[in-house]
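*Asks:* So here's final_9.cif, just mmCIF, C-alpha atoms:
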data_target
#
loop_
_atom_site.label_atom_id
_atom_site.label_comp_id
_atom_site.auth_asym_id
_atom_site.auth_seq_id
_atom_site.Cartn_x
_atom_site.Cartn_y
_atom_site.Cartn_z
CA MET A 280 156.42 -9.81 -102.62
CA SER A 281 155.58 -13.04 -104.33
CA VAL A 282 155.17 -13.43 -108.08
CA MET A 283 152.50 -15.76 -109.43
CA SER A 284 150.54 -16.21 -112.65
CA PRO A 285 146.99 -15.25 -113.56
CA ARG A 286 144.96 -18.34 -112.85
CA THR A 287 141.65 -20.11 -113.13
CA VAL A 288 142.19 -23.52 -111.60
CA SER A 289 140.26 -26.68 -110.82
CA VAL A 290 142.47 -27.79 -107.91
CA LEU A 291 144.38 -25.07 -106.07
CA PRO A 292 147.38 -26.26 -104.02
CA ALA A 293 147.08 -25.63 -100.29
CA GLY A 294 148.95 -22.60 -99.01
CA LEU A 295 148.65 -20.35 -102.06
CA PRO A 296 147.02 -16.93 -101.87
CA CYS A 297 143.61 -17.44 -103.41
CA TRP A 298 141.78 -14.16 -102.67
CA VAL A 299 142.07 -10.72 -101.11
CA GLU A 300 139.26 -8.68 -99.64
CA LEU A 301 138.68 -5.27 -98.14
CA ALA A 302 136.64 -4.51 -95.05
CA SER A 303 135.44 -0.93 -95.47
CA ARG A 304 133.26 1.41 -93.43
CA ASN A 305 131.99 3.03 -96.65
CA GLU A 306 131.44 0.55 -99.47
CA THR A 307 130.35 3.19 -101.97
CA ALA A 308 133.44 5.34 -101.41
CA ALA A 309 135.72 2.29 -101.57
CA GLU A 310 134.20 1.10 -104.84
CA HIS A 311 134.64 4.57 -106.31
CA PHE A 312 138.27 4.80 -105.18
CA TYR A 313 139.45 1.38 -106.39
CA GLY A 314 137.30 1.57 -109.50
CA GLY A 315 138.98 4.84 -110.40
CA LEU A 316 142.49 3.69 -109.46
CA PHE A 317 142.43 0.18 -110.95
CA GLY A 318 139.43 0.13 -113.29
CA TRP A 319 137.56 -2.48 -111.24
CA LYS A 320 133.86 -3.25 -111.79
CA TYR A 321 131.62 -4.74 -109.09
CA GLN A 322 128.90 -7.33 -108.68
CA VAL A 323 127.02 -7.66 -105.39
CA ASN A 324 126.55 -11.20 -104.04
CA ARG A 325 124.87 -12.67 -100.99
CA ASP A 326 127.27 -13.66 -98.19
CA PRO A 327 126.15 -14.90 -94.75
CA ALA A 328 129.60 -14.19 -93.25
CA THR A 329 129.40 -10.38 -93.61
CA PRO A 330 127.61 -8.01 -91.21
CA THR A 331 125.18 -6.87 -93.94
CA GLY A 332 124.87 -10.17 -95.83
CA ARG A 333 126.25 -8.39 -98.92
CA TYR A 334 129.58 -8.90 -100.64
CA SER A 335 130.89 -7.09 -103.71
CA ILE A 336 133.17 -8.99 -106.07
CA ALA A 337 135.58 -6.77 -107.98
CA SER A 338 136.52 -7.76 -111.50
CA LEU A 339 138.87 -6.53 -114.21
CA ASP A 340 138.11 -7.37 -117.83
CA GLY A 341 135.66 -9.98 -116.58
CA ILE A 342 138.15 -11.69 -114.24
CA SER A 343 137.50 -11.73 -110.47
CA VAL A 344 140.29 -9.95 -108.60
CA GLY A 345 139.05 -9.38 -105.03
CA GLY A 346 136.18 -8.70 -102.66
CA LEU A 347 134.75 -5.82 -100.66
CA TYR A 348 132.27 -5.72 -97.79
CA ARG A 349 131.01 -3.49 -94.98
CA ALA A 350 133.17 -3.79 -91.87
CA GLY A 351 131.54 -4.60 -88.56
CA SER A 352 131.20 -1.92 -85.88
CA SER A 353 134.34 -3.04 -84.02
CA GLN A 354 136.34 -4.01 -87.10
CA PRO A 355 139.01 -1.64 -88.45
CA PRO A 356 139.08 -1.10 -92.21
CA GLY A 357 141.78 -2.99 -94.06
CA TRP A 358 142.85 -5.60 -96.56
CA ILE A 359 143.23 -9.25 -95.59
CA LEU A 360 144.73 -12.23 -97.38
CA HIS A 361 143.02 -15.58 -98.01
CA LEU A 362 145.04 -18.80 -98.27
CA SER A 363 143.75 -21.95 -99.94
CA VAL A 364 143.17 -25.19 -98.03
CA ARG A 365 142.05 -28.62 -99.21
CA ASN A 366 139.76 -29.30 -96.22
CA ILE A 367 138.37 -26.46 -94.13
CA VAL A 368 137.51 -28.65 -91.13
CA THR A 369 141.01 -30.11 -90.99
CA ALA A 370 142.46 -26.61 -91.34
CA ALA A 371 140.46 -25.44 -88.31
CA GLU A 372 141.81 -28.35 -86.26
CA TRP A 373 145.40 -27.61 -87.28
CA VAL A 374 145.04 -23.88 -86.51
CA GLU A 375 144.16 -24.72 -82.91
CA HIS A 376 146.79 -27.47 -82.70
CA LEU A 377 149.54 -25.08 -83.80
CA GLY A 378 148.62 -22.39 -81.28
CA GLY A 379 146.36 -20.23 -83.42
CA ARG A 380 142.72 -19.38 -82.78
CA THR A 381 139.66 -19.64 -85.00
CA THR A 382 137.41 -16.57 -84.87
CA LEU A 383 134.68 -17.37 -87.42
CA GLY A 384 133.58 -20.50 -89.19
CA PRO A 385 133.96 -22.74 -90.96
CA ILE A 386 131.14 -21.21 -92.99
CA ASP A 387 129.84 -22.34 -96.37
CA ILE A 388 129.43 -19.54 -98.93
CA PRO A 389 126.89 -20.26 -101.70
CA ASP A 390 128.75 -21.27 -104.88
CA ARG A 391 132.08 -20.10 -103.42
CA GLY A 392 133.27 -22.87 -101.12
CA SER A 393 133.95 -22.61 -97.38
CA ILE A 394 135.90 -20.11 -95.28
CA LEU A 395 137.52 -19.96 -91.87
CA HIS A 396 138.71 -16.78 -90.15
CA ALA A 397 141.60 -17.22 -87.72
CA LEU A 398 144.45 -15.59 -85.85
CA ASP A 399 147.97 -16.98 -85.91
CA PRO A 400 149.79 -17.37 -82.54
CA SER A 401 151.03 -13.76 -82.73
CA GLY A 402 147.54 -12.40 -83.38
CA ALA A 403 147.84 -11.85 -87.14
CA PRO A 404 144.48 -12.30 -88.90
CA VAL A 405 144.17 -14.66 -91.86
CA VAL A 406 141.34 -16.28 -93.78
CA PHE A 407 141.52 -19.87 -94.98
CA TRP A 408 139.41 -20.76 -97.98
CA GLN A 409 138.43 -24.13 -99.42
CA PRO A 410 137.53 -22.93 -102.91
CA PRO A 411 135.14 -24.69 -105.28
CA ASP A 412 136.18 -26.23 -108.58
CA SER A 413 137.27 -23.78 -111.28
CA TRP A 414 138.13 -21.08 -108.73
CA GLU A 415 139.03 -17.82 -110.45
CA PHE A 416 141.44 -15.23 -109.06
CA GLY A 417 143.23 -12.89 -111.43
CA THR A 418 146.76 -12.04 -110.29
CA ASP A 419 150.01 -10.49 -111.51
CA MET A 420 148.43 -8.38 -114.18
CA PRO A 421 148.30 -4.59 -113.85
CA ALA A 422 145.71 -3.56 -111.24
CA THR A 423 145.59 -7.00 -109.59
CA PHE A 424 147.07 -8.70 -106.53
CA THR A 425 150.73 -9.64 -106.84
CA GLY A 426 151.90 -10.60 -103.33
CA ALA A 427 151.79 -9.95 -99.60
CA ASP A 428 154.00 -9.51 -96.56
CA LEU A 429 152.98 -10.65 -93.10
CA ASN A 430 154.19 -7.89 -90.78
CA THR A 431 154.57 -9.35 -87.29
CA HIS A 432 156.39 -8.88 -83.98
CA ASP A 433 157.25 -12.59 -83.68
CA GLY A 434 158.93 -13.99 -86.76
CA ASN A 435 159.76 -17.37 -85.26
CA SER A 436 156.17 -17.94 -84.20
CA ALA A 437 154.84 -16.98 -87.64
CA ASP A 438 157.39 -19.17 -89.41
CA HIS A 439 156.54 -22.17 -87.25
CA PHE A 440 152.77 -21.76 -87.62
CA PHE A 441 152.56 -21.23 -91.37
CA CYS A 442 155.42 -23.54 -92.32
CA ARG A 443 153.94 -26.40 -90.30
CA LEU A 444 150.47 -25.69 -91.64
CA PHE A 445 151.41 -25.58 -95.32
CA GLY A 446 154.88 -27.10 -95.63
CA TYR A 447 156.51 -23.80 -96.53
CA THR A 448 160.25 -23.46 -96.22
CA ALA A 449 161.47 -20.14 -94.78
CA GLN A 450 164.59 -18.48 -96.14
CA GLN A 451 166.02 -15.39 -94.48
CA ILE A 452 166.70 -12.59 -96.97
CA GLY A 453 167.54 -9.97 -94.36
CA ASP A 454 170.42 -10.32 -91.93
CA ALA A 455 168.02 -11.72 -89.27
CA HIS A 456 169.16 -9.04 -86.81
CA SER A 457 168.80 -5.47 -88.01
CA ILE A 458 166.40 -6.71 -90.73
CA ASP A 459 164.40 -9.90 -90.11
CA TYR A 460 162.72 -10.52 -93.46
CA ALA A 461 161.98 -14.06 -94.63
CA GLU A 462 160.67 -15.57 -97.84
CA TRP A 463 158.20 -18.45 -97.60
CA ARG A 464 158.50 -20.96 -100.43
CA LEU A 465 156.37 -23.86 -101.57
CA ASP A 466 158.01 -26.41 -103.88
CA HIS A 467 160.92 -23.98 -104.32
CA GLU A 468 158.58 -21.22 -105.54
CA SER A 469 158.18 -17.94 -103.68
CA VAL A 470 154.71 -17.67 -102.12
CA LEU A 471 154.76 -14.97 -99.38
CA TYR A 472 157.07 -12.87 -97.26
CA ARG A 473 157.26 -12.33 -93.50
CA TYR A 474 158.73 -9.20 -91.89
CA VAL A 475 159.45 -8.53 -88.21
CA MET A 476 158.41 -4.93 -87.67
CA GLY A 477 161.35 -2.74 -86.74
CA PRO A 478 161.63 0.65 -85.01
CA GLU A 479 159.80 2.34 -87.90
CA TYR A 480 156.62 0.84 -86.40
CA ARG A 481 155.14 1.72 -83.04
CA ALA A 482 155.50 -1.07 -80.48
CA ASP A 483 151.71 -1.44 -80.24
CA THR A 484 151.15 -1.81 -84.01
CA PRO A 485 149.10 -5.00 -84.47
CA PRO A 486 150.38 -7.74 -86.79
CA HIS A 487 148.87 -7.34 -90.25
CA TRP A 488 149.18 -8.21 -93.94
CA MET A 489 150.57 -5.73 -96.42
CA VAL A 490 148.90 -6.51 -99.74
CA TYR A 491 150.58 -5.51 -103.02
CA PHE A 492 148.91 -4.65 -106.32
CA GLU A 493 150.76 -4.59 -109.65
CA VAL A 494 150.92 -1.38 -111.68
CA SER A 495 151.63 -1.15 -115.38
CA PRO A 496 155.14 -0.01 -116.36
CA ALA A 497 153.48 2.35 -118.84
CA ARG A 498 151.73 4.09 -115.95
CA GLY A 499 154.29 3.58 -113.19
CA THR A 500 154.22 3.73 -109.42
CA ASP A 501 154.61 7.51 -109.14
CA ALA A 502 151.70 8.34 -111.45
CA THR A 503 149.49 5.76 -109.76
CA ALA A 504 150.29 7.25 -106.35
CA GLY A 505 149.39 10.70 -107.66
CA HIS A 506 146.11 9.37 -109.02
CA ALA A 507 145.29 7.90 -105.59
CA ILE A 508 145.58 11.38 -104.07
CA MET A 509 143.22 12.79 -106.71
CA LEU A 510 140.69 10.08 -105.76
CA GLY A 511 140.78 11.03 -102.08
CA GLY A 512 143.46 8.61 -100.88
CA THR A 513 146.83 9.39 -99.35
CA VAL A 514 150.44 8.42 -99.98
CA VAL A 515 151.68 6.89 -96.73
CA ILE A 516 155.18 6.15 -98.06
CA GLN A 517 156.48 7.95 -101.12
CA PRO A 518 157.63 5.78 -104.07
CA TYR A 519 161.00 4.11 -103.49
CA ASP A 520 163.16 1.58 -105.34
CA THR A 521 163.80 -2.01 -104.21
CA PRO A 522 165.27 -5.21 -105.70
CA TRP A 523 161.68 -6.30 -106.44
CA GLY A 524 160.45 -3.12 -108.09
CA ARG A 525 159.39 0.46 -107.39
CA ILE A 526 156.95 0.53 -104.46
CA ALA A 527 154.66 3.05 -102.80
CA VAL A 528 152.41 2.54 -99.78
CA LEU A 529 148.97 4.10 -100.11
CA ALA A 530 145.80 4.43 -98.06
CA ASP A 531 142.28 4.63 -99.43
CA PRO A 532 139.84 7.32 -98.20
CA ASP A 533 138.81 5.03 -95.31
CA GLY A 534 142.42 4.61 -94.16
CA ALA A 535 142.93 1.04 -95.40
CA VAL A 536 146.62 0.64 -96.25
CA PHE A 537 148.00 -1.23 -99.27
CA SER A 538 151.03 -1.13 -101.56
CA ILE A 539 151.54 -0.79 -105.28
CA ILE A 540 154.58 -2.09 -107.16
CA ASP A 541 156.04 -1.81 -110.65
CA HIS A 542 158.10 -4.99 -111.04
CA SER A 543 159.86 -3.62 -114.13
CA GLN A 544 161.76 -1.03 -112.06
CA VAL A 545 164.31 -2.89 -109.93
CA VAL A 546 167.58 -1.95 -108.23
CA GLU A 547 170.41 -4.15 -107.04
CA GLY A 548 170.96 -4.90 -103.35
CA TYR A 549 168.59 -5.23 -100.44
CA GLY A 550 167.10 -2.71 -98.08
CA ARG A 551 163.79 -1.92 -96.45
CA ALA A 552 163.29 1.81 -96.25
CA GLU A 553 163.13 3.35 -92.79
CA VAL A 554 159.58 4.60 -93.06
CA ASP A 555 156.79 6.06 -91.02
CA ASP A 556 154.36 3.65 -89.39
CA PRO A 557 151.37 3.40 -91.76
CA TYR A 558 149.13 2.62 -88.76
CA VAL A 559 149.78 5.94 -87.00
CA ASP A 560 146.63 8.06 -87.18
#
Would you put the structure from the file into structure tokens?
*Replies:*
Amino acid sequence: MSVMSPRTVSVLPAGLPCWVELASRNETAAEHFYGGLFGWKYQVNRDPATPTGRYSIASLDGISVGGLYRAGSSQPPGWILHLSVRNIVTAAEWVEHLGGRTTLGPIDIPDRGSILHALDPSGAPVVFWQPPDSWEFGTDMPATFTGADLNTHDGNSADHFFCRLFGYTAQQIGDAHSIDYAEWRLDHESVLYRYVMGPEYRADTPPHWMVYFEVSPARGTDATAGHAIMLGGTVVIQPYDTPWGRIAVLADPDGAVFSIIDHSQVVEGYGRAEVDDPYVD
């Protein structure tokens, strides 16, 4: 889980997370759930890239923190990460050159830059975004994005694709055998993590991003997980301690999986919990 600062920037370096968004089958229910859990407010914008042409921008204390839209008929609900690029056309060329595949775009979004949807060589979805000047994305405050893991079946392929694309360096923080968990860094700063799914996942689980949201130490991971249940969500993995903080994996009422973390609660040592597959129905 990467740690960054709240930011409103004029030039965002390539390769940094610059947005997160939720594809949901029920926008109203999703807005109610995340509004209740995190205190988000919403503004509906026009977006030609969504099935309905509508896109809700979530904000916290007036700062944009993520997006929400109606999923297409064949699209599963879930959170997806956006990574910043300097030139969307060049990014599309490099995706194909490095063995990935573009699936949508590039598309210009009014007043919000240009986007490109793609799959990495292992099939993991990702969105590349060329943001406009003064791009705003609130992070690393309670109830906002604080990091993401790419869960994949092919760690070497993911490392090669993203490290070549953005100049990341990959550092193994597992033992590379029983636990293959790598940290991607940019200019010596942690940006993202990559995990090769182990036996706790079914063999047919698709590659996916696990998105993390910060919780306030005053509220804590356990209380936030309990609140999610009251709002109609589920606790996929009960709260557990890690060297990065106390984590729980939750699902919203539509089944979209995400994690919460309290960075103030840390334990020494390393270990990924042997957990149930969050993608089992």
*Asks:* Which residues are close to Trp408 in chain A, i.e. within 9 Å by all atoms listed in the file, leaving aside same-chain residues fewer than 5 positions away? Reply as a PyMOL selection string.
*Replies:* chain A and resi 297-298+361-367+392-396
*Asks:* Generate a file of the selected residues that holds C-alpha atoms, formatted as a JSON list (two decimals), keeping the file's coordinate frame.
*Replies:*
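Resulting contents of result_5.json:
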[["chain", "number", "residue", "atom", "x", "y", "z"],
["A", 297, "CYS", "CA", 143.61, -17.44, -103.41],
["A", 298, "TRP", "CA", 141.78, -14.16, -102.67],
["A", 361, "HIS", "CA", 143.02, -15.58, -98.01],
["A", 362, "LEU", "CA", 145.04, -18.80, -98.27],
["A", 363, "SER", "CA", 143.75, -21.95, -99.94],
["A", 364, "VAL", "CA", 143.17, -25.19, -98.03],
["A", 365, "ARG", "CA", 142.05, -28.62, -99.21],
["A", 366, "ASN", "CA", 139.76, -29.30, -96.22],
["A", 367, "ILE", "CA", 138.37, -26.46, -94.13],
["A", 392, "GLY", "CA", 133.27, -22.87, -101.12],
["A", 393, "SER", "CA", 133.95, -22.61, -97.38],
["A", 394, "ILE", "CA", 135.90, -20.11, -95.28],
["A", 395, "LEU", "CA", 137.52, -19.96, -91.87],
["A", 396, "HIS", "CA", 138.71, -16.78, -90.15]]
*Asks:* One number please: CA of Ser343 in chain A to CA of Glu493 in chain A, in Å, one decimal.
*Replies:*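 One can read the CA of Ser343 in chain A to CA of Glu493 in chain A distance as 15.1 Å.
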*Asks:* Take the PyMOL selection byres ((chain A and resi 465) around 12), apply it to the structure above, and return the hits as an mmCIF file with C-alpha atoms, in the coordinates of the input.
*Replies:*
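Result file follows (selection_32.cif):
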data_model
loop_
_atom_site.group_PDB
_atom_site.id
_atom_site.type_symbol
_atom_site.label_atom_id
_atom_site.label_comp_id
_atom_site.auth_asym_id
_atom_site.auth_seq_id
_atom_site.Cartn_x
_atom_site.Cartn_y
_atom_site.Cartn_z
ATOM 1 C CA SER A 281 155.580 -13.040 -104.330
ATOM 2 C CA MET A 283 152.500 -15.760 -109.430
ATOM 3 C CA PRO A 292 147.380 -26.260 -104.020
ATOM 4 C CA ALA A 293 147.080 -25.630 -100.290
ATOM 5 C CA GLY A 294 148.950 -22.600 -99.010
ATOM 6 C CA LEU A 295 148.650 -20.350 -102.060
ATOM 7 C CA PRO A 296 147.020 -16.930 -101.870
ATOM 8 C CA PHE A 441 152.560 -21.230 -91.370
ATOM 9 C CA CYS A 442 155.420 -23.540 -92.320
ATOM 10 C CA ARG A 443 153.940 -26.400 -90.300
ATOM 11 C CA LEU A 444 150.470 -25.690 -91.640
ATOM 12 C CA PHE A 445 151.410 -25.580 -95.320
ATOM 13 C CA GLY A 446 154.880 -27.100 -95.630
ATOM 14 C CA TYR A 447 156.510 -23.800 -96.530
ATOM 15 C CA THR A 448 160.250 -23.460 -96.220
ATOM 16 C CA ALA A 449 161.470 -20.140 -94.780
ATOM 17 C CA GLN A 450 164.590 -18.480 -96.140
ATOM 18 C CA GLU A 462 160.670 -15.570 -97.840
ATOM 19 C CA TRP A 463 158.200 -18.450 -97.600
ATOM 20 C CA ARG A 464 158.500 -20.960 -100.430
ATOM 21 C CA ASP A 466 158.010 -26.410 -103.880
ATOM 22 C CA HIS A 467 160.920 -23.980 -104.320
ATOM 23 C CA GLU A 468 158.580 -21.220 -105.540
ATOM 24 C CA SER A 469 158.180 -17.940 -103.680
ATOM 25 C CA VAL A 470 154.710 -17.670 -102.120
ATOM 26 C CA LEU A 471 154.760 -14.970 -99.380
ATOM 27 C CA TYR A 472 157.070 -12.870 -97.260
#
*Asks:* Report as a Markdown table the residues of range 509-556 of chain A within 10 Å of range 409-422 of chain A, each with its shortest atom pair and distance in Å (one decimal), using all atoms listed in the file, ordered by chain and increasing residue number.
*Replies:*
| residue | atom | partner | partner_atom | distance |
| --- | --- | --- | --- | --- |
| A:Ile539 | CA | A:Ala422 | CA | 8.8 |
| A:Ile540 | CA | A:Pro421 | CA | 9.5 |
| A:Asp541 | CA | A:Pro421 | CA | 8.8 |
| A:His542 | CA | A:Asp419 | CA | 9.8 |
*Asks:* Please enumerate the residues selected by the PyMOL selection byres ((chain A and resi 534) around 12) when evaluated against the supplied file, formatted as a ChimeraX atom specification.
*Replies:* /A:301-305,308-309,312,355-358,511-515,528-533,535-537,557-560
*Asks:* Save out the residues we just selected, C-alpha atoms, as a PDB file, in the coordinates of the input.
*Replies:*
ATOM      1  CA  LEU A 301     138.680  -5.270 -98.140  1.00  0.00           C
ATOM      2  CA  ALA A 302     136.640  -4.510 -95.050  1.00  0.00           C
ATOM      3  CA  SER A 303     135.440  -0.930 -95.470  1.00  0.00           C
ATOM      4  CA  ARG A 304     133.260   1.410 -93.430  1.00  0.00           C
ATOM      5  CA  ASN A 305     131.990   3.030 -96.650  1.00  0.00           C
ATOM      6  CA  ALA A 308     133.440   5.340-101.410  1.00  0.00           C
ATOM      7  CA  ALA A 309     135.720   2.290-101.570  1.00  0.00           C
ATOM      8  CA  PHE A 312     138.270   4.800-105.180  1.00  0.00           C
ATOM      9  CA  PRO A 355     139.010  -1.640 -88.450  1.00  0.00           C
ATOM     10  CA  PRO A 356     139.080  -1.100 -92.210  1.00  0.00           C
ATOM     11  CA  GLY A 357     141.780  -2.990 -94.060  1.00  0.00           C
ATOM     12  CA  TRP A 358     142.850  -5.600 -96.560  1.00  0.00           C
ATOM     13  CA  GLY A 511     140.780  11.030-102.080  1.00  0.00           C
ATOM     14  CA  GLY A 512     143.460   8.610-100.880  1.00  0.00           C
ATOM     15  CA  THR A 513     146.830   9.390 -99.350  1.00  0.00           C
ATOM     16  CA  VAL A 514     150.440   8.420 -99.980  1.00  0.00           C
ATOM     17  CA  VAL A 515     151.680   6.890 -96.730  1.00  0.00           C
ATOM     18  CA  VAL A 528     152.410   2.540 -99.780  1.00  0.00           C
ATOM     19  CA  LEU A 529     148.970   4.100-100.110  1.00  0.00           C
ATOM     20  CA  ALA A 530     145.800   4.430 -98.060  1.00  0.00           C
ATOM     21  CA  ASP A 531     142.280   4.630 -99.430  1.00  0.00           C
ATOM     22  CA  PRO A 532     139.840   7.320 -98.200  1.00  0.00           C
ATOM     23  CA  ASP A 533     138.810   5.030 -95.310  1.00  0.00           C
ATOM     24  CA  ALA A 535     142.930   1.040 -95.400  1.00  0.00           C
ATOM     25  CA  VAL A 536     146.620   0.640 -96.250  1.00  0.00           C
ATOM     26  CA  PHE A 537     148.000  -1.230 -99.270  1.00  0.00           C
ATOM     27  CA  PRO A 557     151.370   3.400 -91.760  1.00  0.00           C
ATOM     28  CA  TYR A 558     149.130   2.620 -88.760  1.00  0.00           C
ATOM     29  CA  VAL A 559     149.780   5.940 -87.000  1.00  0.00           C
ATOM     30  CA  ASP A 560     146.630   8.060 -87.180  1.00  0.00           C
TER      31      ASP A 560
END
*Asks:* Tell me which residues come within 12 Å of (170.0, -5.7, -87.8), as a PyMOL selection string, counting all atoms listed in the file in the file's coordinates.
*Replies:* chain A and resi 452-460+475-478+550-551
*Asks:* I would like the residues chosen by the PyMOL selection byres ((chain A and resi 424) around 6) on the shown file; could you give them as an MDAnalysis selection string?
*Replies:* chainID A and resid 418 423 425 491:492
*Asks:* Using the selection just defined, write its residues with C-alpha atoms as a compact mmCIF listing (two decimals), in the coordinates of the input.
*Replies:*
# COMPACT_ATOMS: atom_id res chain seq x y z
CA THR A 418 146.76 -12.04 -110.29
CA THR A 423 145.59 -7.00 -109.59
CA THR A 425 150.73 -9.64 -106.84
CA TYR A 491 150.58 -5.51 -103.02
CA PHE A 492 148.91 -4.65 -106.32
*Asks:* Could you name the residues that touch Pro496 in chain A at 7 Å or less, counting all atoms listed in the file, but leaving out those on the same chain fewer than 2 positions away, as a PyMOL selection string?
*Replies:* chain A and resi 494+498-499+541+543
*Asks:* Write out the residues from the selection above, keeping C-alpha atoms, as a PDB file, keeping the file's coordinate frame.
*Replies:*
ATOM      1  CA  VAL A 494     150.920  -1.380-111.680  1.00  0.00           C
ATOM      2  CA  ARG A 498     151.730   4.090-115.950  1.00  0.00           C
ATOM      3  CA  GLY A 499     154.290   3.580-113.190  1.00  0.00           C
ATOM      4  CA  ASP A 541     156.040  -1.810-110.650  1.00  0.00           C
ATOM      5  CA  SER A 543     159.860  -3.620-114.130  1.00  0.00           C
TER       6      SER A 543
END
*Asks:* Which distance in Å separates CA of Arg525 in chain A and CA of Thr500 in chain A, to one decimal?
*Replies:*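 Separation of CA of Arg525 in chain A and CA of Thr500 in chain A: 6.4 Å.
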